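Undergrad: Structure: input_26.cif, mmCIF, C-alpha atoms.
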```
data_model
#
loop_
_atom_site.label_atom_id
_atom_site.label_comp_id
_atom_site.auth_asym_id
_atom_site.auth_seq_id
_atom_site.Cartn_x
_atom_site.Cartn_y
_atom_site.Cartn_z
CA MET A 1 184.46 -62.77 -126.60
CA CYS A 2 183.53 -61.36 -123.21
CA ALA A 3 183.40 -61.99 -119.50
CA HIS A 4 180.15 -62.13 -117.56
CA VAL A 5 180.41 -59.86 -114.52
CA LEU A 6 178.04 -59.85 -111.56
CA VAL A 7 177.80 -56.35 -110.09
CA ALA A 8 176.55 -56.24 -106.48
CA GLU A 9 176.10 -52.55 -105.67
CA ASP A 10 173.28 -50.95 -103.67
CA ASP A 11 173.82 -47.49 -105.16
CA ALA A 12 171.70 -47.56 -108.33
CA MET A 13 173.68 -44.79 -110.06
CA GLN A 14 177.02 -46.45 -109.32
CA ALA A 15 175.68 -49.82 -110.45
CA GLU A 16 174.43 -48.35 -113.73
CA LEU A 17 177.77 -46.62 -114.36
CA ILE A 18 179.62 -49.91 -113.85
CA ARG A 19 177.13 -51.79 -116.05
CA ARG A 20 177.46 -49.31 -118.93
CA THR A 21 181.25 -49.30 -118.67
CA LEU A 22 181.35 -53.10 -118.78
CA LEU A 23 179.08 -53.16 -121.83
CA ALA A 24 181.28 -50.58 -123.56
CA GLU A 25 184.27 -52.87 -122.91
CA GLY A 26 182.49 -55.79 -124.55
CA HIS A 27 181.53 -57.62 -121.36
CA THR A 28 178.08 -58.58 -120.13
CA ALA A 29 176.77 -57.65 -116.70
CA THR A 30 174.08 -58.68 -114.25
CA VAL A 31 173.28 -56.15 -111.52
CA VAL A 32 171.90 -56.87 -108.03
CA HIS A 33 171.45 -54.52 -105.11
CA ASP A 34 171.67 -56.58 -101.92
CA GLY A 35 173.70 -59.37 -100.38
CA PRO A 36 171.20 -62.25 -100.59
CA ALA A 37 170.57 -61.49 -104.27
CA ALA A 38 174.32 -61.44 -104.90
CA LEU A 39 174.72 -64.94 -103.50
CA ASP A 40 171.65 -66.32 -105.25
CA THR A 41 172.66 -64.85 -108.61
CA ALA A 42 176.28 -65.98 -108.31
CA ARG A 43 175.09 -69.53 -107.61
CA ARG A 44 172.64 -69.53 -110.53
CA LEU A 45 174.75 -67.84 -113.18
CA GLY A 46 178.35 -68.71 -112.30
CA PRO A 47 179.85 -65.36 -113.34
CA ASP A 48 183.47 -64.88 -114.37
CA LEU A 49 183.91 -62.09 -111.81
CA VAL A 50 181.96 -60.49 -108.96
CA VAL A 51 182.29 -56.74 -108.40
CA LEU A 52 181.15 -56.58 -104.79
CA ASP A 53 180.25 -53.48 -102.80
CA LEU A 54 181.11 -53.80 -99.13
CA MET A 55 178.07 -52.03 -97.68
CA LEU A 56 175.24 -54.14 -99.10
CA PRO A 57 171.86 -54.42 -97.36
CA GLY A 58 170.64 -57.80 -96.16
CA LEU A 59 174.13 -59.31 -96.08
CA ASP A 60 177.28 -57.21 -96.20
CA GLY A 61 180.07 -57.68 -98.71
CA PHE A 62 182.34 -59.37 -96.16
CA GLU A 63 179.81 -62.14 -95.56
CA VAL A 64 179.03 -62.49 -99.27
CA CYS A 65 182.75 -62.82 -100.03
CA ARG A 66 183.22 -65.34 -97.21
CA THR A 67 180.39 -67.49 -98.59
CA LEU A 68 181.57 -67.24 -102.20
CA ARG A 69 185.03 -68.36 -101.16
CA ARG A 70 183.62 -71.28 -99.19
CA GLU A 71 181.60 -72.42 -102.20
CA GLY A 72 183.94 -71.76 -105.12
CA ASP A 73 186.75 -69.76 -106.68
CA VAL A 74 185.03 -66.95 -108.59
CA PRO A 75 187.26 -63.83 -108.56
CA VAL A 76 185.99 -61.01 -106.34
CA LEU A 77 186.77 -57.30 -106.69
CA MET A 78 185.57 -55.41 -103.60
CA LEU A 79 184.37 -51.80 -103.71
CA THR A 80 183.87 -49.58 -100.69
CA ALA A 81 183.86 -46.02 -99.44
CA ARG A 82 185.56 -47.23 -96.26
CA THR A 83 189.33 -46.74 -96.29
CA ALA A 84 190.32 -48.14 -92.88
CA GLU A 85 193.30 -50.48 -93.20
CA ASP A 86 191.55 -53.12 -91.11
CA ASP A 87 188.68 -53.23 -93.61
CA VAL A 88 191.06 -53.64 -96.52
CA LEU A 89 192.97 -56.41 -94.77
CA LEU A 90 189.78 -58.20 -93.72
CA GLY A 91 188.46 -58.13 -97.29
CA LEU A 92 191.69 -59.58 -98.62
CA ASP A 93 191.90 -62.16 -95.83
CA LEU A 94 188.41 -63.34 -96.75
CA GLY A 95 189.61 -64.02 -100.27
CA ALA A 96 188.90 -60.86 -102.25
CA ASP A 97 191.24 -60.71 -105.26
CA ASP A 98 191.43 -56.92 -105.26
CA TYR A 99 190.02 -53.94 -103.38
CA MET A 100 189.09 -50.46 -104.64
CA THR A 101 187.99 -47.47 -102.60
CA LYS A 102 185.45 -44.92 -103.77
CA PRO A 103 185.56 -42.63 -105.62
CA TYR A 104 187.27 -44.34 -108.53
CA SER A 105 187.46 -43.74 -112.25
CA PRO A 106 185.73 -46.12 -114.68
CA ARG A 107 189.04 -46.55 -116.52
CA GLU A 108 190.80 -47.65 -113.34
CA LEU A 109 187.96 -50.04 -112.51
CA MET A 110 188.17 -51.66 -115.97
CA ALA A 111 191.95 -51.97 -115.66
CA ARG A 112 191.54 -53.72 -112.30
CA ILE A 113 188.88 -56.02 -113.74
CA ARG A 114 191.15 -57.04 -116.62
CA THR A 115 193.98 -57.72 -114.17
CA VAL A 116 191.80 -59.82 -111.86
CA LEU A 117 190.45 -61.87 -114.78
CA ARG A 118 193.96 -62.54 -116.09
CA ARG A 119 195.32 -63.34 -112.63
CA GLY A 120 192.50 -65.79 -111.98
CA GLY A 121 193.03 -67.54 -115.30
CA ARG A 122 189.50 -66.63 -116.35
CA ALA A 123 189.89 -66.58 -120.10
CA VAL A 124 187.20 -64.43 -121.60
CA GLY A 125 184.34 -66.57 -122.78
CA ARG A 126 185.65 -69.49 -120.73
CA ARG A 127 182.32 -70.58 -119.29
CA GLU A 128 180.63 -73.34 -121.22
CA ASP A 129 177.13 -72.04 -120.61
CA PRO A 130 176.80 -68.25 -120.33
CA VAL A 131 173.10 -68.42 -121.16
CA LEU A 132 170.63 -66.93 -118.66
CA ARG A 133 167.47 -69.02 -118.27
CA ALA A 134 164.15 -68.42 -116.54
CA ALA A 135 160.45 -69.00 -117.22
CA GLY A 136 161.10 -70.89 -120.45
CA LEU A 137 163.26 -68.06 -121.83
CA ALA A 138 166.96 -68.39 -122.65
CA VAL A 139 169.03 -65.25 -123.22
CA ASP A 140 172.55 -65.65 -124.56
CA PRO A 141 174.49 -62.38 -124.04
CA ALA A 142 177.58 -63.56 -125.93
CA ARG A 143 175.64 -64.50 -129.08
CA HIS A 144 172.88 -61.92 -128.59
CA GLU A 145 170.25 -64.64 -129.01
CA VAL A 146 166.89 -65.25 -127.34
CA ARG A 147 164.86 -68.46 -127.32
CA CYS A 148 161.38 -68.97 -125.96
CA ASP A 149 160.56 -72.61 -125.21
CA GLY A 150 163.42 -73.51 -127.53
CA VAL A 151 162.19 -71.38 -130.43
CA PRO A 152 164.41 -68.47 -131.62
CA VAL A 153 162.97 -65.00 -130.98
CA GLU A 154 164.04 -61.90 -132.91
CA CYS A 155 164.49 -58.91 -130.59
CA THR A 156 165.51 -55.31 -131.05
CA PRO A 157 168.58 -54.19 -129.06
CA ALA A 158 166.35 -52.44 -126.51
CA GLU A 159 164.08 -55.49 -126.15
CA PHE A 160 167.14 -57.70 -125.69
CA GLN A 161 168.50 -55.53 -122.86
CA ILE A 162 165.09 -55.55 -121.12
CA LEU A 163 164.89 -59.35 -121.34
CA LEU A 164 168.48 -59.66 -120.15
CA ALA A 165 167.60 -57.73 -116.99
CA LEU A 166 164.33 -59.59 -116.35
CA VAL A 167 165.72 -63.08 -116.97
CA GLY A 168 168.77 -62.29 -114.85
CA GLU A 169 166.53 -61.63 -111.83
CA PRO A 170 163.23 -63.54 -112.17
CA GLU A 171 160.45 -62.40 -109.84
CA ARG A 172 162.19 -59.09 -109.18
CA VAL A 173 159.94 -56.11 -109.93
CA PHE A 174 161.62 -53.53 -112.17
CA THR A 175 160.28 -50.00 -112.45
CA ARG A 176 159.92 -48.46 -115.89
CA ARG A 177 162.79 -46.14 -115.07
CA GLN A 178 165.07 -49.07 -114.22
CA LEU A 179 164.21 -50.84 -117.46
CA LEU A 180 164.71 -47.59 -119.36
CA GLN A 181 168.23 -47.39 -117.91
CA CYS A 182 168.87 -50.88 -119.28
CA THR A 183 168.14 -49.65 -122.82
CA SER A 184 170.39 -46.58 -122.56
CA GLY A 185 172.76 -46.42 -125.48
CA PHE A 186 170.37 -48.48 -127.61
CA ASP A 187 167.19 -46.44 -127.36
CA ARG A 188 168.22 -42.90 -126.44
CA ALA A 189 164.93 -41.34 -127.57
CA SER A 190 162.82 -43.50 -125.27
CA THR A 191 160.74 -42.32 -122.37
CA GLU A 192 159.51 -44.43 -119.48
CA ARG A 193 156.24 -44.99 -121.33
CA ALA A 194 158.19 -46.44 -124.25
CA ILE A 195 158.97 -49.36 -121.94
CA ASP A 196 155.27 -50.26 -122.09
CA VAL A 197 155.58 -50.56 -125.87
CA HIS A 198 158.68 -52.73 -125.60
CA ILE A 199 156.94 -55.01 -123.10
CA MET A 200 153.87 -55.22 -125.32
CA ASN A 201 156.07 -56.24 -128.26
CA LEU A 202 157.95 -58.79 -126.15
CA ARG A 203 154.64 -60.30 -125.03
CA LYS A 204 153.65 -60.76 -128.65
CA LYS A 205 156.89 -62.67 -129.20
CA THR A 206 156.97 -64.76 -126.00
CA GLU A 207 153.42 -65.23 -124.69
CA ALA A 208 150.86 -67.78 -125.87
CA ASP A 209 148.20 -65.12 -125.31
CA PRO A 210 149.72 -61.61 -125.14
CA ARG A 211 146.47 -60.27 -123.68
CA ARG A 212 146.78 -62.66 -120.73
CA PRO A 213 150.54 -62.84 -120.14
CA ALA A 214 151.93 -65.64 -117.99
CA ARG A 215 155.60 -64.57 -118.10
CA LEU A 216 155.97 -60.82 -118.46
CA LEU A 217 153.65 -59.57 -115.75
CA THR A 218 152.55 -56.05 -114.90
CA VAL A 219 152.88 -55.04 -111.26
CA PHE A 220 150.37 -52.22 -111.14
CA GLY A 221 151.71 -48.94 -109.89
CA VAL A 222 155.30 -50.22 -109.99
CA GLY A 223 156.45 -51.80 -113.25
CA TYR A 224 157.11 -55.29 -114.60
CA LYS A 225 158.57 -58.63 -113.59
CA LEU A 226 159.35 -62.00 -115.15
CA SER A 227 157.37 -64.77 -113.48
CA GLY A 228 157.69 -68.51 -113.82
CA GLY A 229 160.87 -69.41 -111.98
CA PRO A 230 164.23 -70.64 -113.28
CA GLY A 231 164.71 -73.00 -116.21
#
```
The structure in this file should be written as structure tokens.

TA:
Amino acid sequence: MCAHVLVAEDDAMQAELIRRTLLAEGHTATVVHDGPAALDTARRLGPDLVVLDLMLPGLDGFEVCRTLRREGDVPVLMLTARTAEDDVLLGLDLGADDYMTKPYSPRELMARIRTVLRRGGRAVGRREDPVLRAAGLAVDPARHEVRCDGVPVECTPAEFQILLALVGEPERVFTRRQLLQCTSGFDRASTERAIDVHIMNLRKKTEADPRRPARLLTVFGVGYKLSGGPG
């Protein structure tokens, strides 16, 4: 059983460290890098917890927290390099459940996450529908299952992690390097070009015509994205 954690952190290295630590603890994670994406993803996926960096582009963590509190009761753990007492108090006044300043250890972060989940009464696996859906694909992190238009799809661990990232943020363009980071721990021998092979194999499993993909699209000179919208 696991919690689904939304990580909103603009520092890619920090975000990846948090994501890997969550996976190692048995949780699932969706990562976004700006404020508007944090709000959109929280509304779509209904996470069990939001790990929210204060200094997000587009919309800062204070405003994201204010909006999340206005719309629901998802627990929020704020992260920031700013240590001013006023910032801490403002974050807590806006409804943040806890507040950590950088730098922090992964062990301390996980301990805080466990505490916030318990305090908020978020029993692990509590959500009725943890499945991520977009473009006719359904990815179930808890059961490690994928369906395409309702039909089960067998995926390797690396393919599953790539789909999990793409379905979690439809229409976002991921570079090969970013997708390679998603497979870390499952596909240690991979290079960025190995992502092309994984995408090719996923197209064979999810596209009506793999040579003319309608879902897993190439963005030339950049990487790949999932197209087709939610649902």

Undergrad: Can you list, as an NGL selection string, the residues that the PyMOL selection byres ((chain A and resi 92-97) around 12) selects here?

TA: :A and (49-54 or 61-79 or 85-91 or 98-100 or 112-120)

Undergrad: Using the selection just defined, write its residues with C-alpha atoms as a short mmCIF file (atom, residue, chain, number, x, y, z; two decimals), in the coordinates of the input.

TA:
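Full text of part11.cif as output:
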```
data_model
loop_
_atom_site.label_atom_id
_atom_site.label_comp_id
_atom_site.auth_asym_id
_atom_site.auth_seq_id
_atom_site.Cartn_x
_atom_site.Cartn_y
_atom_site.Cartn_z
CA LEU A 49 183.91 -62.09 -111.81
CA VAL A 50 181.96 -60.49 -108.96
CA VAL A 51 182.29 -56.74 -108.40
CA LEU A 52 181.15 -56.58 -104.79
CA ASP A 53 180.25 -53.48 -102.80
CA LEU A 54 181.11 -53.80 -99.13
CA GLY A 61 180.07 -57.68 -98.71
CA PHE A 62 182.34 -59.37 -96.16
CA GLU A 63 179.81 -62.14 -95.56
CA VAL A 64 179.03 -62.49 -99.27
CA CYS A 65 182.75 -62.82 -100.03
CA ARG A 66 183.22 -65.34 -97.21
CA THR A 67 180.39 -67.49 -98.59
CA LEU A 68 181.57 -67.24 -102.20
CA ARG A 69 185.03 -68.36 -101.16
CA ARG A 70 183.62 -71.28 -99.19
CA GLU A 71 181.60 -72.42 -102.20
CA GLY A 72 183.94 -71.76 -105.12
CA ASP A 73 186.75 -69.76 -106.68
CA VAL A 74 185.03 -66.95 -108.59
CA PRO A 75 187.26 -63.83 -108.56
CA VAL A 76 185.99 -61.01 -106.34
CA LEU A 77 186.77 -57.30 -106.69
CA MET A 78 185.57 -55.41 -103.60
CA LEU A 79 184.37 -51.80 -103.71
CA GLU A 85 193.30 -50.48 -93.20
CA ASP A 86 191.55 -53.12 -91.11
CA ASP A 87 188.68 -53.23 -93.61
CA VAL A 88 191.06 -53.64 -96.52
CA LEU A 89 192.97 -56.41 -94.77
CA LEU A 90 189.78 -58.20 -93.72
CA GLY A 91 188.46 -58.13 -97.29
CA ASP A 98 191.43 -56.92 -105.26
CA TYR A 99 190.02 -53.94 -103.38
CA MET A 100 189.09 -50.46 -104.64
CA ARG A 112 191.54 -53.72 -112.30
CA ILE A 113 188.88 -56.02 -113.74
CA ARG A 114 191.15 -57.04 -116.62
CA THR A 115 193.98 -57.72 -114.17
CA VAL A 116 191.80 -59.82 -111.86
CA LEU A 117 190.45 -61.87 -114.78
CA ARG A 118 193.96 -62.54 -116.09
CA ARG A 119 195.32 -63.34 -112.63
CA GLY A 120 192.50 -65.79 -111.98
#
```

Undergrad: If you measure from CA of Pro36 (chain A) to CA of Pro106 (chain A), what distance in Å do you get, rounded to one decimal?

TA: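 For CA of Pro36 (chain A) relative to CA of Pro106 (chain A), the distance reads 25.9 Å.
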
Undergrad: The PyMOL selection byres ((chain A and resi 45) around 10) - which residues does that actually catch in the file I just gave you? List them as an NGL selection string.

TA: :A and (4-6 or 30 or 40-44 or 46-48 or 129-133 or 168)

Undergrad: Could the residues in this selection be written to a file with C-alpha atoms, as a short mmCIF file (atom, residue, chain, number, x, y, z; two decimals), in the coordinates of the input?

TA:
```
data_model
loop_
_atom_site.label_atom_id
_atom_site.label_comp_id
_atom_site.auth_asym_id
_atom_site.auth_seq_id
_atom_site.Cartn_x
_atom_site.Cartn_y
_atom_site.Cartn_z
CA HIS A 4 180.15 -62.13 -117.56
CA VAL A 5 180.41 -59.86 -114.52
CA LEU A 6 178.04 -59.85 -111.56
CA THR A 30 174.08 -58.68 -114.25
CA ASP A 40 171.65 -66.32 -105.25
CA THR A 41 172.66 -64.85 -108.61
CA ALA A 42 176.28 -65.98 -108.31
CA ARG A 43 175.09 -69.53 -107.61
CA ARG A 44 172.64 -69.53 -110.53
CA GLY A 46 178.35 -68.71 -112.30
CA PRO A 47 179.85 -65.36 -113.34
CA ASP A 48 183.47 -64.88 -114.37
CA ASP A 129 177.13 -72.04 -120.61
CA PRO A 130 176.80 -68.25 -120.33
CA VAL A 131 173.10 -68.42 -121.16
CA LEU A 132 170.63 -66.93 -118.66
CA ARG A 133 167.47 -69.02 -118.27
CA GLY A 168 168.77 -62.29 -114.85
#
```

Undergrad: Skipping near chain neighbours, those fewer than 4 positions away, what residues fall within 10 Å of Gly58 (chain A) using all atoms listed in the file, listed as an MDAnalysis selection string?

TA: chainID A and resid 33:37

Undergrad: Could you pull the residues within 10 Å of Pro213 (chain A), counting all atoms listed in the file, minus those fewer than 3 positions along the same chain, as a ChimeraX atom specification?

TA: /A:200,203-204,206-210,216-218,227

Undergrad: Name the residues that the PyMOL selection byres ((chain A and resi 147-162) around 7) pulls out of this structure, and write them as a CSV table (one decimal) with C-alpha atoms, in the frame of the given file.

TA:
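The resulting file, expr-v1.csv, is shown below:
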```
chain,number,residue,atom,x,y,z
A,136,GLY,CA,161.1,-70.9,-120.4
A,137,LEU,CA,163.3,-68.1,-121.8
A,138,ALA,CA,167.0,-68.4,-122.6
A,139,VAL,CA,169.0,-65.2,-123.2
A,145,GLU,CA,170.2,-64.6,-129.0
A,146,VAL,CA,166.9,-65.2,-127.3
A,163,LEU,CA,164.9,-59.4,-121.3
A,164,LEU,CA,168.5,-59.7,-120.2
A,165,ALA,CA,167.6,-57.7,-117.0
A,166,LEU,CA,164.3,-59.6,-116.4
A,179,LEU,CA,164.2,-50.8,-117.5
A,182,CYS,CA,168.9,-50.9,-119.3
A,183,THR,CA,168.1,-49.6,-122.8
A,186,PHE,CA,170.4,-48.5,-127.6
A,187,ASP,CA,167.2,-46.4,-127.4
A,198,HIS,CA,158.7,-52.7,-125.6
A,202,LEU,CA,158.0,-58.8,-126.2
A,205,LYS,CA,156.9,-62.7,-129.2
A,206,THR,CA,157.0,-64.8,-126.0
```

Undergrad: Can you measure CA of Ala38 (chain A) to CA of Glu169 (chain A) for me? One decimal in Å is fine.

TA: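 Going from CA of Ala38 (chain A) over to CA of Glu169 (chain A), I get 10.4 Å.
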
Undergrad: Can you work out the spacing between CA of Phe174 (chain A) and CA of Thr101 (chain A) in Å, to one decimal?

TA: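 Between CA of Phe174 (chain A) and CA of Thr101 (chain A) the gap works out to 28.7 Å.
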
Undergrad: Determine the axis-aligned bounding box of all atoms of region 55-59 of chain A present in the file, pad each side by 5 Å, and express its centre and edge lengths in Å to one decimal place as JSON.

TA:
```
{"center_x": 174.4, "center_y": -55.7, "center_z": -97.6, "size_x": 17.4, "size_y": 17.3, "size_z": 13.0}
```

Undergrad: For Ala3 (chain A), which of A:Leu56, A:Leu17, A:Val222, A:Met110 is the closest residue, counting all atoms listed in the file?

TA: A:Met110

Undergrad: Using all atoms listed in the file, can you tell me which of A:Arg177, A:Lys102, A:Arg172, A:Arg143 comes closest to Gly26 (chain A)?

TA: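 Checking each candidate against Gly26 (chain A), we get A:Arg143 as the closest.
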
Undergrad: I need the residue nearest Ser105 (chain A) from this list: A:Val219, A:Thr21, A:Val31, A:Val167. Use all atoms listed in the file for the distance.

TA: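 The shortest atom-to-atom distance to Ser105 (chain A) comes from A:Thr21.
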